[in-house]
file protein-v4.txt (compact mmCIF, C-alpha atoms and all ligand atoms)
# COMPACT_ATOMS: atom_id res chain seq x y z
CA MET A 59 165.81 150.55 179.57
CA PRO A 60 162.55 150.18 177.56
CA ILE A 61 162.97 150.82 173.81
CA ILE A 62 159.80 150.73 171.72
CA ALA A 63 159.00 150.62 168.00
CA ARG A 64 155.28 151.49 168.32
CA PRO A 65 153.52 153.90 170.71
CA ASP A 66 151.20 151.21 172.09
CA GLU A 67 154.11 149.11 173.34
CA PHE A 68 154.71 151.29 176.40
CA ASN A 69 152.40 151.23 179.42
CA ILE A 70 153.18 151.55 183.12
CA GLU A 71 151.09 148.85 184.78
CA ASN A 72 152.41 148.87 188.33
CA LEU A 73 152.30 152.41 189.71
CA TYR A 74 150.20 152.95 192.85
CA VAL A 75 149.65 156.06 194.97
CA ASP A 76 149.19 155.51 198.69
CA LEU A 77 146.32 157.90 199.45
CA SER A 78 146.22 157.33 203.20
CA SER A 79 147.63 160.79 203.95
CA VAL A 80 145.17 162.49 201.54
CA VAL A 81 141.87 160.77 202.33
CA SER A 82 140.61 159.45 205.64
CA GLN A 83 141.05 155.79 204.64
CA SER A 84 143.79 153.34 203.74
CA LEU A 85 143.50 153.29 199.94
CA TYR A 86 145.89 152.65 197.05
CA LEU A 87 145.26 154.18 193.64
CA LYS A 88 146.33 152.19 190.57
CA CYS A 89 147.47 154.81 188.03
CA GLU A 90 146.55 153.97 184.45
CA GLY A 91 147.39 157.28 182.78
CA PHE A 92 151.08 156.68 182.10
CA ASN A 93 151.23 155.66 178.45
CA PHE A 94 151.25 157.52 175.10
CA ALA A 95 147.43 157.58 174.95
CA GLY A 96 147.22 158.91 178.51
CA SER A 97 144.58 156.51 179.80
CA ILE A 98 143.50 152.97 180.61
CA LYS A 99 141.70 152.89 177.23
CA LEU A 100 145.00 152.13 175.54
CA LYS A 101 144.57 148.49 176.58
CA THR A 102 140.98 148.32 175.28
CA ALA A 103 141.97 149.91 171.98
CA VAL A 104 144.94 147.58 171.43
CA GLU A 105 142.90 144.47 172.21
CA MET A 106 140.02 145.50 169.90
CA VAL A 107 142.27 146.52 166.98
CA ASP A 108 144.54 143.45 167.28
CA SER A 109 141.51 141.17 167.28
CA ALA A 110 139.91 142.96 164.29
CA GLU A 111 143.19 142.64 162.36
CA ARG A 112 143.48 138.92 163.19
CA SER A 113 139.90 138.20 162.09
CA GLY A 114 140.25 140.22 158.86
CA LEU A 115 137.57 142.75 159.90
CA LEU A 116 140.16 145.51 159.41
CA SER A 117 142.10 145.79 156.19
CA LYS A 118 144.47 148.49 154.98
CA ASP A 119 141.73 150.60 153.35
CA SER A 120 139.45 150.45 156.43
CA THR A 121 138.31 153.49 158.37
CA ILE A 122 137.87 152.80 162.06
CA VAL A 123 134.70 154.47 163.40
CA GLU A 124 133.96 154.68 167.12
CA SER A 125 131.73 156.49 169.59
CA SER A 126 133.80 157.75 172.52
CA SER A 127 133.53 160.35 175.24
CA GLY A 128 137.23 160.90 174.66
CA ASN A 129 139.86 158.54 175.97
CA LEU A 130 139.12 155.56 173.73
CA GLY A 131 139.04 158.04 170.84
CA VAL A 132 142.54 159.29 171.69
CA ALA A 133 143.87 155.72 172.02
CA LEU A 134 142.31 154.67 168.70
CA ALA A 135 143.54 157.85 166.99
CA MET A 136 147.07 157.05 168.17
CA ILE A 137 146.91 153.41 167.05
CA ALA A 138 145.28 154.34 163.73
CA ALA A 139 148.11 156.81 163.04
CA SER A 140 150.71 154.24 164.01
CA ARG A 141 149.22 151.42 161.87
CA GLY A 142 148.02 153.45 158.88
CA TYR A 143 144.21 153.50 159.29
CA GLN A 144 141.80 156.42 158.95
CA PHE A 145 139.84 157.10 162.15
CA VAL A 146 136.53 158.90 162.72
CA CYS A 147 135.52 159.59 166.33
CA VAL A 148 131.88 160.38 167.12
CA THR A 149 131.74 162.26 170.41
CA ASP A 150 129.50 164.91 171.99
CA VAL A 151 129.71 168.41 173.41
CA ARG A 152 130.93 167.12 176.80
CA CYS A 153 134.21 165.93 175.25
CA ASN A 154 137.11 168.02 176.62
CA THR A 155 138.68 170.47 174.19
CA ALA A 156 142.13 169.01 174.85
CA THR A 157 140.88 165.49 174.09
CA ARG A 158 139.32 166.58 170.78
CA GLU A 159 142.47 168.45 169.80
CA LEU A 160 144.63 165.45 170.66
CA MET A 161 142.59 163.21 168.35
CA GLU A 162 142.85 165.79 165.57
CA ALA A 163 146.61 166.07 166.12
CA PHE A 164 146.84 162.32 165.42
CA GLY A 165 144.97 162.92 162.13
CA ALA A 166 141.52 161.73 163.24
CA LEU A 167 138.27 163.27 162.05
CA VAL A 168 136.12 164.23 165.06
CA HIS A 169 132.36 164.54 164.74
CA THR A 170 130.76 166.27 167.75
CA ILE A 171 127.06 165.57 168.46
CA SER A 172 125.27 168.56 169.96
CA GLU A 173 121.69 167.22 170.32
CA PRO A 174 120.96 164.50 172.89
CA HIS A 175 118.56 161.67 171.93
CA PRO A 176 115.16 162.38 173.61
CA GLU A 177 115.28 159.08 175.55
CA HIS A 178 118.90 157.89 175.54
CA GLY A 179 120.84 161.14 175.87
CA TYR A 180 124.01 162.02 173.98
CA LEU A 181 125.11 158.39 173.81
CA GLY A 182 121.87 157.50 172.02
CA SER A 183 122.50 160.21 169.39
CA ARG A 184 126.15 159.16 169.00
CA LEU A 185 125.23 155.54 168.37
CA GLU A 186 122.60 156.51 165.78
CA TYR A 187 125.23 158.58 163.96
CA VAL A 188 127.80 155.75 164.01
CA GLN A 189 125.23 153.37 162.55
CA LYS A 190 124.49 155.89 159.77
CA LEU A 191 128.21 156.17 158.96
CA CYS A 192 128.61 152.39 158.78
CA SER A 193 125.61 151.85 156.53
CA SER A 194 126.79 154.60 154.17
CA ASP A 195 130.26 153.11 153.42
CA SER A 196 131.39 149.49 153.73
CA ARG A 197 134.97 150.57 154.48
CA ASN A 198 133.80 152.04 157.79
CA VAL A 199 134.39 149.55 160.60
CA TRP A 200 132.78 150.06 164.04
CA LEU A 201 134.73 148.24 166.75
CA ASN A 202 131.85 148.98 169.16
CA GLN A 203 133.43 149.26 172.61
CA TYR A 204 129.96 148.91 174.18
CA ALA A 205 129.48 145.31 173.03
CA ASN A 206 132.95 144.13 171.93
CA PRO A 207 134.16 141.35 174.30
CA ASN A 208 137.75 142.44 173.67
CA ASN A 209 136.94 145.52 175.77
CA TRP A 210 136.62 143.45 178.97
CA ILE A 211 139.15 140.83 177.81
CA ALA A 212 141.85 143.55 177.78
CA HIS A 213 141.36 144.00 181.54
CA TYR A 214 140.94 140.29 182.21
CA ARG A 215 144.32 139.71 180.56
CA ARG A 216 146.24 142.76 181.76
CA THR A 217 144.70 145.02 184.45
CA ALA A 218 143.39 142.35 186.84
CA PRO A 219 146.41 139.99 186.78
CA ALA A 220 148.72 142.97 187.43
CA LEU A 221 146.61 143.97 190.45
CA SER A 222 146.49 140.42 191.70
CA ARG A 223 150.30 140.07 191.44
CA ASP A 224 150.92 143.39 193.17
CA PHE A 225 148.43 142.91 196.07
CA SER A 226 148.47 139.36 197.38
CA GLY A 227 146.25 140.46 200.30
CA LEU A 228 143.75 142.45 198.24
CA ASP A 229 140.40 142.76 200.02
CA VAL A 230 138.34 145.33 198.08
CA LEU A 231 138.68 146.70 194.54
CA PHE A 232 136.86 149.87 193.40
CA ILE A 233 136.26 150.28 189.68
CA GLY A 234 134.47 153.06 187.80
CA ALA A 235 131.75 152.04 185.34
CA GLY A 236 131.58 153.56 181.86
CA THR A 237 131.18 150.89 179.19
CA THR A 238 131.94 148.53 182.14
CA GLY A 239 134.82 146.93 180.23
CA THR A 240 137.27 147.54 183.09
CA LEU A 241 134.69 146.46 185.68
CA MET A 242 133.69 143.26 183.88
CA GLY A 243 137.25 142.22 182.98
CA CYS A 244 138.45 142.64 186.57
CA ALA A 245 135.27 141.16 188.09
CA GLN A 246 135.47 138.04 185.87
CA TYR A 247 139.16 137.58 186.68
CA PHE A 248 138.75 137.88 190.46
CA ARG A 249 135.53 135.83 190.53
CA ARG A 250 137.42 132.99 188.80
CA ASN A 251 140.81 133.30 190.50
CA ARG A 252 140.27 135.06 193.85
CA PRO A 253 136.58 135.06 194.74
CA ASP A 254 137.41 136.46 198.21
CA VAL A 255 138.09 139.91 196.67
CA THR A 256 135.06 142.25 196.98
CA ILE A 257 134.30 144.11 193.73
CA VAL A 258 132.64 147.51 194.15
CA ALA A 259 131.43 149.42 191.10
CA VAL A 260 131.48 153.22 191.29
CA ASP A 261 129.19 155.18 188.98
CA SER A 262 128.06 158.80 188.57
CA ALA A 263 124.67 159.81 189.95
CA GLY A 264 122.42 160.34 186.92
CA SER A 265 123.77 157.27 185.12
CA VAL A 266 121.22 154.56 184.23
CA SER A 267 123.76 151.70 184.22
CA PHE A 268 122.67 150.14 187.53
CA GLY A 269 118.99 150.97 187.18
CA GLY A 270 118.94 154.47 188.67
CA PRO A 271 117.06 157.36 187.06
CA GLY A 272 118.89 159.24 184.30
CA GLY A 273 120.00 162.79 185.00
CA PRO A 274 122.39 165.40 183.66
CA ARG A 275 126.13 164.58 183.91
CA MET A 276 128.85 166.90 182.65
CA ILE A 277 132.07 164.96 183.24
CA PRO A 278 133.02 162.45 180.53
CA GLY A 279 134.21 158.93 181.33
CA LEU A 280 131.85 157.35 183.81
CA GLY A 281 128.14 156.69 183.64
CA ALA A 282 125.83 156.03 180.70
CA GLY A 283 122.48 157.15 179.35
CA VAL A 284 122.00 153.66 177.86
CA ARG A 285 122.50 150.49 179.95
CA PRO A 286 125.94 149.01 179.06
CA GLN A 287 125.60 145.79 177.06
CA LEU A 288 128.71 144.29 178.68
CA LEU A 289 127.41 144.68 182.23
CA ASP A 290 126.61 141.54 184.24
CA GLU A 291 125.54 142.82 187.67
CA SER A 292 125.83 139.35 189.22
CA LEU A 293 129.64 139.76 189.12
CA VAL A 294 129.52 142.97 191.19
CA ASP A 295 129.26 142.87 194.99
CA ASP A 296 128.17 146.46 195.57
CA VAL A 297 127.56 149.76 193.74
CA VAL A 298 128.19 153.34 194.90
CA LEU A 299 126.73 156.35 193.08
CA VAL A 300 128.61 159.64 193.40
CA PRO A 301 127.18 163.09 192.49
CA GLU A 302 129.49 165.12 190.27
CA TYR A 303 129.95 167.97 192.76
CA GLU A 304 131.60 165.45 195.11
CA THR A 305 133.79 164.24 192.23
CA VAL A 306 134.99 167.81 191.68
CA ARG A 307 135.66 168.36 195.38
CA THR A 308 137.78 165.20 195.57
CA CYS A 309 139.72 166.10 192.40
CA HIS A 310 140.62 169.45 194.00
CA GLN A 311 141.51 167.76 197.27
CA LEU A 312 143.92 165.45 195.39
CA ALA A 313 145.32 168.42 193.45
CA SER A 314 145.97 170.28 196.70
CA HIS A 315 148.32 167.41 197.57
CA GLY A 316 150.07 167.57 194.19
CA TYR A 317 148.13 164.86 192.32
CA LEU A 318 146.26 166.06 189.22
CA PHE A 319 143.88 163.27 188.20
CA GLY A 320 140.94 163.11 185.80
CA GLY A 321 137.26 163.39 186.78
CA SER A 322 136.63 159.63 186.99
CA THR A 323 139.41 159.27 189.52
CA GLY A 324 137.65 161.84 191.72
CA THR A 325 134.44 159.80 191.44
CA VAL A 326 136.08 156.46 192.19
CA VAL A 327 138.07 157.81 195.14
CA THR A 328 134.94 159.49 196.59
CA GLY A 329 132.95 156.26 196.26
CA ALA A 330 135.78 154.21 197.76
CA VAL A 331 136.19 156.48 200.78
CA GLN A 332 132.42 156.46 201.46
CA TRP A 333 132.13 152.68 201.02
CA LEU A 334 135.13 151.96 203.25
CA ALA A 335 133.82 154.27 205.99
CA GLU A 336 130.51 152.39 205.99
CA ASN A 337 131.74 148.85 205.44
CA ARG A 338 135.32 148.67 206.79
CA PRO A 339 135.28 151.26 209.61
CA HIS A 340 138.38 149.82 211.30
CA ARG A 341 140.66 150.65 208.33
CA ASN A 342 142.11 147.16 208.38
CA SER A 343 141.50 146.17 204.77
CA THR A 344 143.71 146.33 201.68
CA ALA A 345 141.76 148.46 199.25
CA VAL A 346 142.68 149.57 195.72
CA ALA A 347 140.86 151.96 193.37
CA ILE A 348 141.59 152.24 189.65
CA SER A 349 142.43 155.69 188.26
CA PRO A 350 141.70 155.74 184.49
CA ASP A 351 143.56 158.95 183.55
CA LEU A 352 145.36 162.15 184.62
CA GLY A 353 144.04 165.69 185.00
CA GLU A 354 145.49 167.81 182.15
CA ARG A 355 142.53 167.02 179.86
CA TYR A 356 140.17 168.51 182.46
CA LEU A 357 141.85 171.90 182.90
CA ASP A 358 138.93 173.65 181.14
CA SER A 359 136.27 171.83 183.20
CA VAL A 360 136.92 170.10 186.54
CA TYR A 361 139.88 172.41 187.27
CA GLU A 362 138.37 175.62 185.84
CA PRO A 363 136.83 177.63 188.74
CA ASP A 364 134.15 179.41 186.62
CA TRP A 365 133.04 176.11 185.02
CA VAL A 366 132.77 174.51 188.45
CA GLN A 367 130.86 177.49 189.87
CA ARG A 368 128.47 177.52 186.87
CA ASN A 369 127.70 173.80 186.95
CA TYR A 370 127.76 172.94 190.64
CA GLY A 371 127.71 176.24 192.55
CA LEU A 372 131.01 175.30 194.22
CA ASP A 373 133.72 177.84 194.93
CA VAL A 374 137.00 176.03 194.34
CA ARG A 375 138.99 179.28 194.46
CA SER A 376 138.70 179.16 198.22
CA ARG A 377 140.09 175.66 198.41
CA THR A 378 142.70 174.83 200.98
CA THR A 379 146.19 173.39 200.74
CA HIS A 380 146.78 170.49 203.15
CA GLY A 381 143.77 171.73 205.14
CA ARG A 382 145.15 175.30 205.44
CA PRO A 383 143.05 178.04 203.77
CA LEU A 384 144.49 180.08 200.91
CA THR A 385 144.55 183.87 201.32
CA ALA A 386 143.26 186.13 198.52
CA SER A 387 146.84 186.46 197.22
CA GLY A 388 147.13 182.68 196.98
CA ALA A 389 149.60 182.39 199.85
CA VAL A 390 148.91 179.88 202.57
CA GLU A 391 148.02 181.57 205.85
C1 LIG B 1 138.28 158.80 182.10
C2 LIG B 1 137.66 157.44 182.13
N1 LIG B 1 136.73 157.19 183.02
C3 LIG B 1 136.12 155.99 183.08
C4 LIG B 1 136.44 154.98 182.26
C5 LIG B 1 135.62 153.73 182.40
O1 LIG B 1 136.02 152.63 181.78
P1 LIG B 1 135.11 151.56 181.12
O2 LIG B 1 134.61 152.10 179.81
O3 LIG B 1 136.02 150.40 180.96
O4 LIG B 1 133.96 151.26 182.04
C6 LIG B 1 137.43 155.20 181.33
C7 LIG B 1 137.87 154.18 180.46
O5 LIG B 1 138.88 154.27 179.90
C8 LIG B 1 138.05 156.47 181.25
O6 LIG B 1 138.99 156.75 180.36
call {"tool": "encode", "arguments": {"input": "protein-v4.txt", "output": "structure tokens"}}
result
Amino acid sequence: MPIIARPDEFNIENLYVDLSSVVSQSLYLKCEGFNFAGSIKLKTAVEMVDSAERSGLLSKDSTIVESSSGNLGVALAMIAASRGYQFVCVTDVRCNTATRELMEAFGALVHTISEPHPEHGYLGSRLEYVQKLCSSDSRNVWLNQYANPNNWIAHYRRTAPALSRDFSGLDVLFIGAGTTGTLMGCAQYFRRNRPDVTIVAVDSAGSVSFGGPGGPRMIPGLGAGVRPQLLDESLVDDVVLVPEYETVRTCHQLASHGYLFGGSTGTVVTGAVQWLAENRPHRNSTAVAISPDLGERYLDSVYEPDWVQRNYGLDVRSRTTHGRPLTASGAVE
């Protein structure tokens, strides 16, 4: 019976969904959304705050400032509330309403950027604003998830060893790339301890992280308009880019089987299925994909039919349940 004294002490690290009956491949999904922050970013936030406390960077009158598309913001807002810090999150208009409201419920101040930087997109504008905040008040402390080694160390210490323990025969691991903290932590761990494991990065089409051309992206979490400072491509065996309309389709496919996951999970699962079909056509490998969060925060975007129609021209109202079409009344024919 787990009993905790602080919200960051609880995290389910060993829950996997066997997706073989949902997608056309043998694939396990490592679920990272079962903690009080609702995402994998809990681990990053804990590691960065603990380290800043140990080094004296954070003191009791500090205000934590961070740029986040959402989930790190929620995790930091929760930890700040629990440990008595002020927290300011700098996000942009793509941040889900539910995510913003969650941060505010924890007592955080949320600043939403509405103008993208002409060259570096919304992330460029967010970073400029954070720098302004930090130079205006010495109590403001930027943990900087984009460059802070504790971001990848969190996954080197926790995510990757858990995966390695749970899958002794692991062959391929699929990891979404945002700041690339998860990707780099897992890639470093497996390169050092089990170099036989193939590491495949999955990114959104329109992200510049792996050298592709920048383009519009609406779903927060994966991809970047500025190349991630933590990324070392030599640790990655392959990269798959997934357009957002495919992300949305996969999210709805998972939902039609009773699994409501966040947008990044749709991207990573799509990339994994495509990569496995091309590279392991005989379905004889042990493959795991990492799911960063669950779907409730995306009810007004990925799971909102008008939003999906407007942004991708897809009609998700006509989606099927277990391959059977829905009738107009919603009943399965
Ligand atoms: C929804 C979502 N997608 C993608 C990621 C990518 O993670 P990273 O920033 O470690 O690359 C995260 C990280 O927590 C996330 O919360």
call {"tool": "residues_around", "arguments": {"input": "protein-v4.txt", "residues": "A:Ser343", "least_positions_apart": "5", "cutoff": "8 Å", "atoms": "all atoms listed in the file", "output": "PyMOL selection string"}}
result
chain A and resi 84+228-230+338
call {"tool": "residues_around", "arguments": {"input": "protein-v4.txt", "residues": "stretch 96-112 of chain A", "least_positions_apart": "4", "cutoff": "10 Å", "atoms": "all atoms listed in the file", "output": "PyMOL selection string"}}
result
chain A and resi 65-69+71+89-92+116-118+122+128-138+141+199+201-203+206-213+215-217+239-240+320+348-355
call {"tool": "closest_residue", "arguments": {"input": "protein-v4.txt", "among": "A:Glu124, A:Glu177, A:Asp261, A:Asp358", "to": "ligand LIG 1 (chain B)", "atoms": "only C-alpha atoms and all ligand atoms"}}
result
A:Asp261
call {"tool": "atom_distance", "arguments": {"input": "protein-v4.txt", "atom1": "atom CA of A:Val298", "atom2": "atom C4 of ligand LIG 1 (chain B)"}}
result
15.2 Å
call {"tool": "residues_around", "arguments": {"input": "protein-v4.txt", "residues": "A:Trp333", "least_positions_apart": "4", "cutoff": "10 Å", "atoms": "all atoms listed in the file", "output": "short mmCIF file (atom, residue, chain, number, x, y, z; two decimals) with C-alpha atoms, in the frame of the given file"}}
result
data_model
loop_
_atom_site.label_atom_id
_atom_site.label_comp_id
_atom_site.auth_asym_id
_atom_site.auth_seq_id
_atom_site.Cartn_x
_atom_site.Cartn_y
_atom_site.Cartn_z
CA PHE A 232 136.86 149.87 193.40
CA VAL A 258 132.64 147.51 194.15
CA VAL A 260 131.48 153.22 191.29
CA ASP A 296 128.17 146.46 195.57
CA VAL A 297 127.56 149.76 193.74
CA VAL A 298 128.19 153.34 194.90
CA VAL A 327 138.07 157.81 195.14
CA THR A 328 134.94 159.49 196.59
CA GLY A 329 132.95 156.26 196.26
CA ASN A 337 131.74 148.85 205.44
CA ARG A 338 135.32 148.67 206.79
CA PRO A 339 135.28 151.26 209.61
#
call {"tool": "decode", "arguments": {"input": "protein-v4.txt", "residues": "stretch 97-116 of chain A", "atoms": "N, CA and C atoms", "output": "tab-separated table (two decimals), in the first residue's frame"}}
result
chain	number	residue	atom	x	y	z
A	97	SER	N	2.07	13.22	-16.41
A	97	SER	CA	2.94	12.99	-17.58
A	97	SER	C	4.34	12.59	-17.16
A	98	ILE	N	5.11	12.20	-18.18
A	98	ILE	CA	6.51	11.79	-17.99
A	98	ILE	C	7.36	12.95	-17.46
A	99	LYS	N	6.88	14.19	-17.66
A	99	LYS	CA	7.66	15.36	-17.25
A	99	LYS	C	7.81	15.48	-15.74
A	100	LEU	N	7.04	14.69	-15.00
A	100	LEU	CA	7.23	14.70	-13.55
A	100	LEU	C	8.70	14.38	-13.22
A	101	LYS	N	9.24	13.36	-13.91
A	101	LYS	CA	10.61	12.93	-13.59
A	101	LYS	C	11.64	14.02	-13.91
A	102	THR	N	11.43	14.69	-15.06
A	102	THR	CA	12.33	15.80	-15.44
A	102	THR	C	12.26	16.92	-14.41
A	103	ALA	N	11.03	17.26	-14.01
A	103	ALA	CA	10.85	18.37	-13.08
A	103	ALA	C	11.49	18.06	-11.73
A	104	VAL	N	11.28	16.86	-11.23
A	104	VAL	CA	11.85	16.48	-9.93
A	104	VAL	C	13.37	16.55	-9.99
A	105	GLU	N	13.94	15.99	-11.05
A	105	GLU	CA	15.41	15.94	-11.15
A	105	GLU	C	15.99	17.36	-11.23
A	106	MET	N	15.33	18.25	-12.00
A	106	MET	CA	15.87	19.61	-12.16
A	106	MET	C	15.72	20.41	-10.86
A	107	VAL	N	14.57	20.26	-10.18
A	107	VAL	CA	14.36	21.04	-8.94
A	107	VAL	C	15.27	20.51	-7.83
A	108	ASP	N	15.35	19.17	-7.68
A	108	ASP	CA	16.23	18.61	-6.65
A	108	ASP	C	17.66	19.10	-6.83
A	109	SER	N	18.13	19.07	-8.08
A	109	SER	CA	19.51	19.47	-8.34
A	109	SER	C	19.71	20.97	-8.04
A	110	ALA	N	18.72	21.80	-8.43
A	110	ALA	CA	18.83	23.25	-8.17
A	110	ALA	C	18.79	23.54	-6.66
A	111	GLU	N	18.05	22.74	-5.92
A	111	GLU	CA	18.03	22.92	-4.46
A	111	GLU	C	19.39	22.53	-3.86
A	112	ARG	N	19.93	21.39	-4.32
A	112	ARG	CA	21.22	20.91	-3.80
A	112	ARG	C	22.33	21.92	-4.07
A	113	SER	N	22.32	22.53	-5.26
A	113	SER	CA	23.41	23.45	-5.63
A	113	SER	C	23.21	24.85	-5.06
A	114	GLY	N	22.04	25.12	-4.47
A	114	GLY	CA	21.78	26.44	-3.91
A	114	GLY	C	21.23	27.43	-4.93
A	115	LEU	N	21.00	26.97	-6.17
A	115	LEU	CA	20.43	27.86	-7.19
A	115	LEU	C	19.03	28.32	-6.78
A	116	LEU	N	18.29	27.42	-6.16
A	116	LEU	CA	16.94	27.76	-5.65
A	116	LEU	C	17.01	28.01	-4.16
